[in-house]
Structure formats: C-alpha cells, structure tokens
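> Okay, here's the structure, questions in a sec.
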Amino acid sequence: MKVAMIILWPAFLAAGVAEVLFFTVFDPSEFGAGRMAAYSAGFLIFWLLAAASSTLTCFLQRGAEEINKGRSG
Amino acid sequence: MKLQDIPVRTDEQSLFEVRKKIYSRAVHGWFAALRWAAVWATQLVFYGGAWLRWNDRQAVLFDIVHRKFYIFGLVFWPQDVIYLTALLVIAALSLFLFTALAGRLWCGYACPQTVYTEIFLWIERVIEGDRNARMRLDQQSFAKRLPLKAAKHAAWIAVAFWTGFTFVGYVTPIRELWSEVLNLSTGPWETFWIFFYGFATYGNAGWMREQVCKYMCPYARFQSAMFDKDTLIITYDEKRGEPRGKGTNKGDCVDCEICVQVCPTGIDIRRGLQYECIGCAACIDGCNQVMEKLKRPSGLIRYSTTHALEGSRTRVLRPRVFIYTAILLAVAIVAGVSLYLRVPLKLDVIRDRAAIAREVEGGLIENVYRLQVMNTTEQARAFELSVSGLPGLELWGDPTIGVGAATSRMVLAKVRLPADAAKPGSHPIEFHLRALGVNGVEVREHSVFIIQ
Ligand code: SF4
Ligand code: SF4
C-alpha cells in the first residue's frame with residue numbers, strides 16, 4: 001500500500017507539471033481527438049511514464065539483503 | 001528531541017511497516033473552533049465559488065477546452081503563462097514566510113488534506129460515535145458493524161462525489177455539467193475525472209489520513225529547514241510538566257495521554273517537535289481541558305518558540321523574515337503592475353512563406369502576412385491596422401478588423417510598395433494595431449518586407 005503510494009503520488013505531481021508545460025506549448029486540438037480527451041490522455045501517459053520511473057527507483061533501492069533473500073527463499 | 005536529531009531511517013523495511021489505526025478523540029476548544037472556521041471558509045470558497053457568476057459567465061473557470069482561464073474580471077490566455085508562474089512563486093514564498101513565522105499553519109488549518117480529513121472525521125463521529133465507541137465497534141462481528149459502517153461510507157462517498165463534481169466544475173462550466181449529471185449524460189472524460197477526484201478524496205480523507213502527511217507530503221519533509229528557534233511551534237513545557245504522573249512532587253502533566261489520543265497523526269508531543277506534527281493544535285485544546293479540570297493554569301502544551309521555552313527573547317523580525325517578505329512583495333508588485341498595464345490585445349505577425357514577394361499590377365511589390373489578432377477583453381472590438389517603416393509602404397484592402405469578445409482571429413494582410421522605393425533585400429517594417437473608440441489599446445509588432 002505504502003509502496004504504491006510513494007510510487008503513484010510523486011509521479012502524479014510530476015505528471016501535473018509535465019501536463020501544464022506540454023499543453024502551454026501545444027494546442028491539444030492538434031492531436032485529432034477532442035481537447036478534453038487529449039488533455040486526459042496526455043495526463044495519464046505522463047503519469048504512467050513518471051510512475052514507471054518511480055517504480056524503477058523503488059526497485060533499485062532495495063538493499064542487498066532483500067534481493068538475496070528473495071533468491072534463496 | 002529536536003527535529004534535526006531524528007535519525008533518518010534508511011532501511012527499506014520502513015516502507016512496509018504496519019500502520020496502527022489511529023482513533024483520534026474529538027476535542028473542543030479554542031483551536032478546534034478556529035480549525036472549523038477554516039474548514040467553513042475554505043469549503044465555502046471551493047464548493048460555492050464554482051457557482052458564482054460574472055459578466056454572464058462562470059466567475060472562476062479554467063476553461064481548458066477553449067484554453068482560457070477566467071478569474072472574475074480577468075481572462076488569461078496560454079500566452080499569459082508567466083502570471084501562473086508568478087502566482088506559484090508567490091504561493092511558495094508565502095508558504096516559506098508563514099512557516100518561518102508560525103510553523104505549519106498551512107497544514108493545521110488550510111491544507112485540503114486536513115480539511116477533508118476533518119470533515120470525514122466529523123461524519124465518522126456523528127455516525128459511529130467518539131473514540132471509545134469506534135474502538136468497541138471495530139471489535140464487533142462483521143454483521144454487527146455493517147449498518148453503521150455502510151452508513152458512514154455512503155455519507156463519505158456522497159461528500160467525495162460532490163467534491164469531485166465541483167472540481168470538474170472548475171474546468172468545464174458547472175451549470176451545464178450539473179444538468180449533464182442529472183441526465184447521466186456527462187462526457188466520458190468528465191465522468192472519469194469526477195470519479196477519479198472523488199475517489200482520491202474518499203481514499204485520502206477516509207482511509208489514508210495522516211499517512212498522506214507522513215509519507216506523501218514533500219512539504220512535511222522540508223518544512224524543518226525553514227524553522228528556527230524563533231518559529232512559533234506547538235510545544236510541551238517540559239520544565240513545568242515533568243516529572244509526569246499523579247501524586248505529590250510531580251510536575252503538572254498527569255500523564256493522562258489525552259494529548260496523544262486527540263492527535264490525528266498519533267504522536268506524543270511530549271517527546272518534542274517531530275516531523276509528523278502537522279501543527280493542528282488539537283493537543284493544546286485537549287491538554288487545556290485537563291488543566292482546567294485540575295484547576296491548573298492552561299498552556300502546558302501551547303504555541304511557543306524554542307527561544308521562549310529556553311527563557312530567552314523571541315525575535316519576530318529576523319533576517320529570514322525580512323528576506324522572504326522583500327522577495328514576496330517584489331514579485332507581487334511586479335506581477336500586479338504588469339497585470340494592470342496588460343494591453344488587452346495581442347498581435348502575432350507570421351510572414352506567409354508560400355508567397356514571398358511578387359509583383360502586382362502598377363509596378364508594386366506585394367508581401368503577404370498572416371496576422372493573429374487576439375482580443376482578450378470580454379467585449380467585441382474593432383481595430384485599425386496600419387503599417388510603416390518604408391516610404392510609400394501601404395496596406396492593401398480594408399484596414400479595419402473586427403474581433404469578437406475574448407476570441408482570436410486570423411487575417412491576411414497584403415502590404416504593397418512601389419518597386420523603386422527600396423533596394424532588393426529585406427527591410428524592417430512595423431505593424432500597428434489600434435482599437436477603435438478606446439484610448440491606449442494598441443500594439444506594435446515588427447516584421448520584414450522582402451524585395452527580390
Ligand atoms: S494532556 Fe496534558 S496532562 Fe495529559 S498527558 Fe498530555 S501533557 Fe500531560
Ligand atoms: S502533536 Fe498536537 S499539534 Fe501536532 S499533530 Fe498531534 S495533536 Fe496536532
């Protein structure tokens with residue numbers, strides 16, 4: 001639960017920033033679909049990417065003990 | 001223990017530590033009243049603000065679909081993103097200033113996390129009873145718990161839904177949204193965001209609560225950097241309270257643990273300032289009630305500063321306060337003045353790349369430009385275009401351009417010059433756009449005129 005929290009939440013913040021920056025420069029109507037859809041899809045994609053990065057951080061942060069334990073057991 | 005002395009935990013296990021459910025006890029008192037006043041104030045603004053009208057439109061609307069932000073009399077366009085930046089800087093600096101002066105005022109009284117938790121706790125208390133009743137309830141069998149729990153979650157979900165709806169109502173016009181909700185005909189993405197935000201509210205205020213402050217909030221982690229010994233914080237007066245306990249030869253603290261029971265983050269303030277403390281002052285109210293019953297002076301736990309507790313003088317006006325205030329004022333004034341002086345008209349000149357320069361009848365050279373004219377006021381206006389920079393340069397066609405309220409329009413401008421008026425090459429020229437019937441609303445924009 002807490003792991004999910006610390007992955008999703010910072011990713012959410014980062015996605016928010018990315019969304020604002022990206023759509024100040026690009027007009028969402030340039031992407032075919034409706035603007036609301038473009039904004040939403042854009043946000044979700046940013047969130048997904050940022051969450052992937054956070055997940056990787058969490059994954060790499062595991063200590064040696066934890067990784068070894070996983071292998072033997 | 002000082003905040004700085006708390007060891008940083010680096011072991012991964014802490015990620016998985018099991019959370020003990022906190023049953024915080026209801027508390028009454030001066031600060032509880034203040035907190036409720038803050039709940040009312042912020043939520044009146046949030047829930048009510050979306051329904052206000054201004055100039056026949058929603059007063060506050062972040063119309064992302066049309067890329068225009070309305071805040072009462074002001075309209076912001078994507079080009080105005082600098083004001084958003086200024087607003088963020090102002091918000092951050094105010095947070096620094098308040099934190100340096102009086103600790104986590106924001107967390108204690110205004111943060112949505114605190115406010116919604118407060119509302120959800122209140123619902124919980126009304127339905128399930130106070131701390132002891134809730135603890136007993138949770139011991140009972142599932143069947144016995146069910147009715148009360150179901151009622152509580154239904155009430156929570158209702159509040160959460162309304163919150164999600166209001167949130168989306170700031171992005172798409174709320175009145176239309178409301179009739180769509182009544183007809184169950186909201187667009188797919190609107191539906192998604194209403195439920196998304198509603199679910200986040202329900203989860204954060206109903207389930208996660210203090211965990212959000214403890215594990216998710218970046219501010220909680222760095223606020224201590226803005227603290228010093230003159231910062232107003234929630235403190236336990238150790239000199240007066242210790243040794244704690246009942247009986248003679250003891251300090252004023254009777255070790256009743258009321259301060260721990262009322263704490264929404266479940267900490268013991270008597271252990272000193274801790275990063276988990278959100279400065280809600282519930283423990284002050286709680287302890288004051290105890291002191292009152294015991295006929296002892298109140299304020300064993302109180303707002304104070306480290307310096308005051310040590311017996312030295314507290315300085316309110318110190319360098320960091322001056323610096324934060326000075327930068328804050330500077331940014332606010334610059335932003336305010338530029339907002340005030342903002343010309344409600346924008347002009348973008350784009351040279352038409354397809355046709356660079358051509359000769360037209362009468363020995364004239366013609367250049368074609370695409371002009372984007374943006375009228376940022378809420379009245380339709382007519383503008384007059386002129387061009388200057390070369391002798392004999394003139395605009396071909398009707399120089400008046402009408403633009404509707406808060407819209408932008410693309411127009412073609414043909415500019416002609418006698419062929420012998422200038423040498424081949426590119427020459428700087430200037431477009432000048434002036435609102436008709438209003439003084440001072442004009443813009444100039446540079447471009448080039450090309451002769452081959
Ligand atoms: S509420 Fe006051 S008296 Fe009771 S334990 Fe806390 S500090 Fe001591
Ligand atoms: S220690 Fe006191 S002020 Fe801090 S969070 Fe707990 S109840 Fe609120």
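How things are named: the first chain in the structure tokens is A, the next is B, and so on; residues count from 1 in each chain; ligands count from 1 in the order shown.
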Please provide the set of residues having any atom within 12 Å of Ile45 in chain A, restricted to only C-alpha atoms, with same-chain residues fewer than 3 positions apart removed, written as a ChimeraX atom specification.

/A:11-12,14-16,18-19,37-42,48-52

> Output the contact residues of chain A with respect to chain B at a cut-off of 8 Å, based on only C-alpha atoms, as a list in words.

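Close to chain B, chain A has Lys2, Val3, Met5, Ile6, Trp9, Pro10, Thr24, Arg35, Met36, Ala37, Ser40, Gln61, Arg62 and Gly63 of chain A.
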
> Filtering to N, CA, C and O atoms, could you give me those residues as a compact mmCIF listing (two decimals), in the first residue's frame?


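Output (selection_27.txt):
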# COMPACT_ATOMS: atom_id res chain seq x y z
N LYS A 2 1.81 1.24 0.97
CA LYS A 2 2.64 2.43 1.07
C LYS A 2 3.57 2.55 -0.13
O LYS A 2 3.88 3.65 -0.57
N VAL A 3 3.98 1.40 -0.66
CA VAL A 3 4.85 1.44 -1.84
C VAL A 3 4.08 2.04 -3.01
O VAL A 3 4.58 2.94 -3.70
N MET A 5 1.72 4.05 -2.83
CA MET A 5 1.55 5.47 -2.54
C MET A 5 2.78 6.27 -2.96
O MET A 5 2.65 7.29 -3.63
N ILE A 6 3.95 5.79 -2.57
CA ILE A 6 5.12 6.62 -2.86
C ILE A 6 5.58 6.46 -4.30
O ILE A 6 6.47 7.17 -4.75
N TRP A 9 2.19 8.82 -6.15
CA TRP A 9 1.98 10.22 -5.79
C TRP A 9 3.04 11.16 -6.39
O TRP A 9 2.69 12.12 -7.08
N PRO A 10 4.34 10.88 -6.22
CA PRO A 10 5.31 11.78 -6.86
C PRO A 10 5.13 11.78 -8.38
O PRO A 10 5.28 12.82 -9.03
N THR A 24 0.91 24.06 -22.58
CA THR A 24 1.04 25.51 -22.81
C THR A 24 1.67 25.72 -24.18
O THR A 24 1.39 26.69 -24.86
N ARG A 35 -10.37 17.98 -27.34
CA ARG A 35 -9.38 18.57 -26.45
C ARG A 35 -9.39 17.90 -25.09
O ARG A 35 -8.35 17.62 -24.50
N MET A 36 -10.60 17.68 -24.57
CA MET A 36 -10.71 17.06 -23.25
C MET A 36 -10.02 15.69 -23.27
O MET A 36 -9.29 15.34 -22.35
N ALA A 37 -10.25 14.95 -24.35
CA ALA A 37 -9.63 13.63 -24.47
C ALA A 37 -8.12 13.76 -24.54
O ALA A 37 -7.38 13.00 -23.91
N SER A 40 -6.72 14.61 -21.12
CA SER A 40 -6.79 13.48 -20.20
C SER A 40 -5.79 12.40 -20.57
O SER A 40 -5.04 11.93 -19.72
N GLN A 61 16.29 0.54 -5.19
CA GLN A 61 16.65 0.95 -3.84
C GLN A 61 16.68 -0.21 -2.87
O GLN A 61 17.13 -0.06 -1.75
N ARG A 62 16.18 -1.33 -3.29
CA ARG A 62 16.15 -2.46 -2.37
C ARG A 62 17.58 -2.83 -1.96
O ARG A 62 18.49 -2.82 -2.79
N GLY A 63 17.72 -3.17 -0.69
CA GLY A 63 19.05 -3.49 -0.22
C GLY A 63 19.48 -4.88 -0.67
O GLY A 63 18.66 -5.68 -1.10

> Taking the chain letters and numbering used in this document, name the residues of range 120-366 of chain B that DSSP puts in helix (DSSP H, G or I), as number ranges by chain.

B: 120-128, 131-139, 142-169, 174-182, 188-208, 210-216, 218-226, 238-241, 258-262, 269-271, 282-293, 306-310, 319-341

> Dump the neighbourhood of ligand 2 as a count of residues only: all residues within 8 Å, distances computed on only C-alpha atoms and all ligand atoms.

23

> Using only C-alpha atoms and all ligand atoms, which residues of the polymer chains come no farther than 9 Å from ligand 1? I'd like the answer as an NGL selection string.

:B and (236-237 or 241-242 or 244-245 or 252-262 or 268-270 or 283-291 or 299-301)

> Can you check which residues of range 147-309 of chain B DSSP gives as strand (DSSP E) on the backbone and send them as a PDB file with N, CA, C and O atoms, in the first residue's frame?


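Contents of part.pdb, freshly written:
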ATOM      1  N   ILE B 233       5.873  27.238  17.330  1.00  0.00           N
ATOM      2  CA  ILE B 233       5.535  25.827  17.125  1.00  0.00           C
ATOM      3  C   ILE B 233       4.694  25.337  18.294  1.00  0.00           C
ATOM      4  O   ILE B 233       4.565  26.021  19.297  1.00  0.00           O
ATOM      5  N   ILE B 234       4.156  24.132  18.130  1.00  0.00           N
ATOM      6  CA  ILE B 234       3.402  23.530  19.230  1.00  0.00           C
ATOM      7  C   ILE B 234       4.423  22.900  20.170  1.00  0.00           C
ATOM      8  O   ILE B 234       5.229  22.081  19.737  1.00  0.00           O
ATOM      9  N   THR B 235       4.371  23.300  21.423  1.00  0.00           N
ATOM     10  CA  THR B 235       5.396  22.791  22.339  1.00  0.00           C
ATOM     11  C   THR B 235       4.779  22.301  23.641  1.00  0.00           C
ATOM     12  O   THR B 235       3.712  22.746  24.050  1.00  0.00           O
ATOM     13  N   TYR B 236       5.490  21.400  24.227  1.00  0.00           N
ATOM     14  CA  TYR B 236       5.126  20.907  25.549  1.00  0.00           C
ATOM     15  C   TYR B 236       6.133  21.529  26.519  1.00  0.00           C
ATOM     16  O   TYR B 236       7.338  21.481  26.275  1.00  0.00           O
ATOM     17  N   ILE B 301       0.721  22.577  27.160  1.00  0.00           N
ATOM     18  CA  ILE B 301       1.074  22.464  25.750  1.00  0.00           C
ATOM     19  C   ILE B 301       0.556  23.751  25.107  1.00  0.00           C
ATOM     20  O   ILE B 301      -0.582  24.138  25.335  1.00  0.00           O
ATOM     21  N   ARG B 302       1.387  24.439  24.351  1.00  0.00           N
ATOM     22  CA  ARG B 302       0.951  25.715  23.789  1.00  0.00           C
ATOM     23  C   ARG B 302       1.793  26.077  22.576  1.00  0.00           C
ATOM     24  O   ARG B 302       2.821  25.450  22.313  1.00  0.00           O
ATOM     25  N   TYR B 303       1.316  27.096  21.869  1.00  0.00           N
ATOM     26  CA  TYR B 303       2.123  27.689  20.810  1.00  0.00           C
ATOM     27  C   TYR B 303       3.255  28.450  21.473  1.00  0.00           C
ATOM     28  O   TYR B 303       3.005  29.341  22.286  1.00  0.00           O
ATOM     29  N   SER B 304       4.481  28.128  21.136  1.00  0.00           N
ATOM     30  CA  SER B 304       5.592  28.870  21.714  1.00  0.00           C
ATOM     31  C   SER B 304       6.798  28.725  20.787  1.00  0.00           C
ATOM     32  O   SER B 304       6.711  28.084  19.742  1.00  0.00           O
TER      33      SER B 304
END

> Show me, as a list in words, the residues that have an atom within 7 Å of range 413-429 of chain B when counting only C-alpha atoms, minus same-chain residues fewer than 2 positions from it.

Gly363, Leu364, Ile365, Glu366, Asn367, Val368, Tyr369, Arg370, Leu371, Ser388, Gly389, Leu390, Pro391, Gly392, Leu393, Glu394, Leu395, Trp396, Val411, Phe431, His446, Ser447, Val448, Phe449, Ile450, Ile451 and Gln452 of chain B

> Within 10 Å of Trp207 in chain B, counting only C-alpha atoms, which residues qualify if same-chain residues fewer than 6 places away don't, as a PDB file with C-alpha atoms, in the first residue's frame?


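Output file around-v6.pdb follows:
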ATOM      1  CA  LYS B  21      -5.105   2.583  13.001  1.00  0.00           C
ATOM      2  CA  THR B 117      -9.973  14.649   6.982  1.00  0.00           C
ATOM      3  CA  PHE B 120     -14.681  12.929   7.196  1.00  0.00           C
ATOM      4  CA  THR B 201     -10.901  12.440  -1.788  1.00  0.00           C
TER       5      THR B 201
END

> Using Å and a single decimal, report how far CA of Leu34 in chain B sits from CA of Ser224 in chain B.

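Separating CA of Ser224 in chain B from CA of Leu34 in chain B is a distance of 24.0 Å.
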
> Mind checking which residues fall within 12 Å of Ala154 in chain B, counting only C-alpha atoms, ignoring those fewer than 5 positions away in the same chain, and posting them as a compact mmCIF listing (two decimals) with N, CA, C and O atoms, in the first residue's frame?


# COMPACT_ATOMS: atom_id res chain seq x y z
N PHE B 120 -14.41 14.37 7.17
CA PHE B 120 -14.68 12.93 7.20
C PHE B 120 -14.69 12.40 8.63
O PHE B 120 -15.48 11.52 8.97
N ILE B 123 -18.03 13.23 10.15
CA ILE B 123 -19.06 12.29 9.71
C ILE B 123 -18.93 10.99 10.49
O ILE B 123 -19.90 10.43 11.00
N GLU B 124 -17.67 10.54 10.61
CA GLU B 124 -17.42 9.29 11.32
C GLU B 124 -17.92 9.36 12.76
O GLU B 124 -18.52 8.45 13.28
N ILE B 127 -21.74 9.32 13.02
CA ILE B 127 -22.36 8.02 12.75
C ILE B 127 -21.90 6.94 13.72
O ILE B 127 -22.70 6.16 14.22
N LEU B 146 -21.80 -3.82 10.24
CA LEU B 146 -22.19 -3.47 8.89
C LEU B 146 -23.07 -2.22 8.74
O LEU B 146 -22.72 -1.32 7.98
N PRO B 147 -24.21 -2.14 9.47
CA PRO B 147 -25.09 -0.99 9.21
C PRO B 147 -24.40 0.35 9.40
O PRO B 147 -24.48 1.22 8.53
N LEU B 148 -23.70 0.51 10.52
CA LEU B 148 -23.04 1.78 10.79
C LEU B 148 -21.94 2.06 9.77
O LEU B 148 -21.80 3.17 9.27
N LYS B 149 -21.18 1.02 9.46
CA LYS B 149 -20.08 1.21 8.51
C LYS B 149 -20.64 1.59 7.14
O LYS B 149 -20.11 2.47 6.46
N VAL B 159 -20.08 12.94 -0.05
CA VAL B 159 -19.24 14.14 0.03
C VAL B 159 -18.13 14.09 -1.03
O VAL B 159 -17.85 15.07 -1.71
N ALA B 160 -17.55 12.91 -1.18
CA ALA B 160 -16.45 12.76 -2.13
C ALA B 160 -16.93 13.02 -3.56
O ALA B 160 -16.26 13.70 -4.34
N PHE B 161 -18.10 12.50 -3.87
CA PHE B 161 -18.64 12.72 -5.22
C PHE B 161 -18.87 14.20 -5.47
O PHE B 161 -18.51 14.74 -6.51
N TYR B 202 -12.08 10.42 -1.23
CA TYR B 202 -12.55 9.35 -0.34
C TYR B 202 -11.37 8.58 0.25
O TYR B 202 -11.29 8.36 1.46
N GLY B 206 -10.69 9.52 3.99
CA GLY B 206 -11.34 8.46 4.75
C GLY B 206 -10.36 7.40 5.23
O GLY B 206 -10.43 6.95 6.37
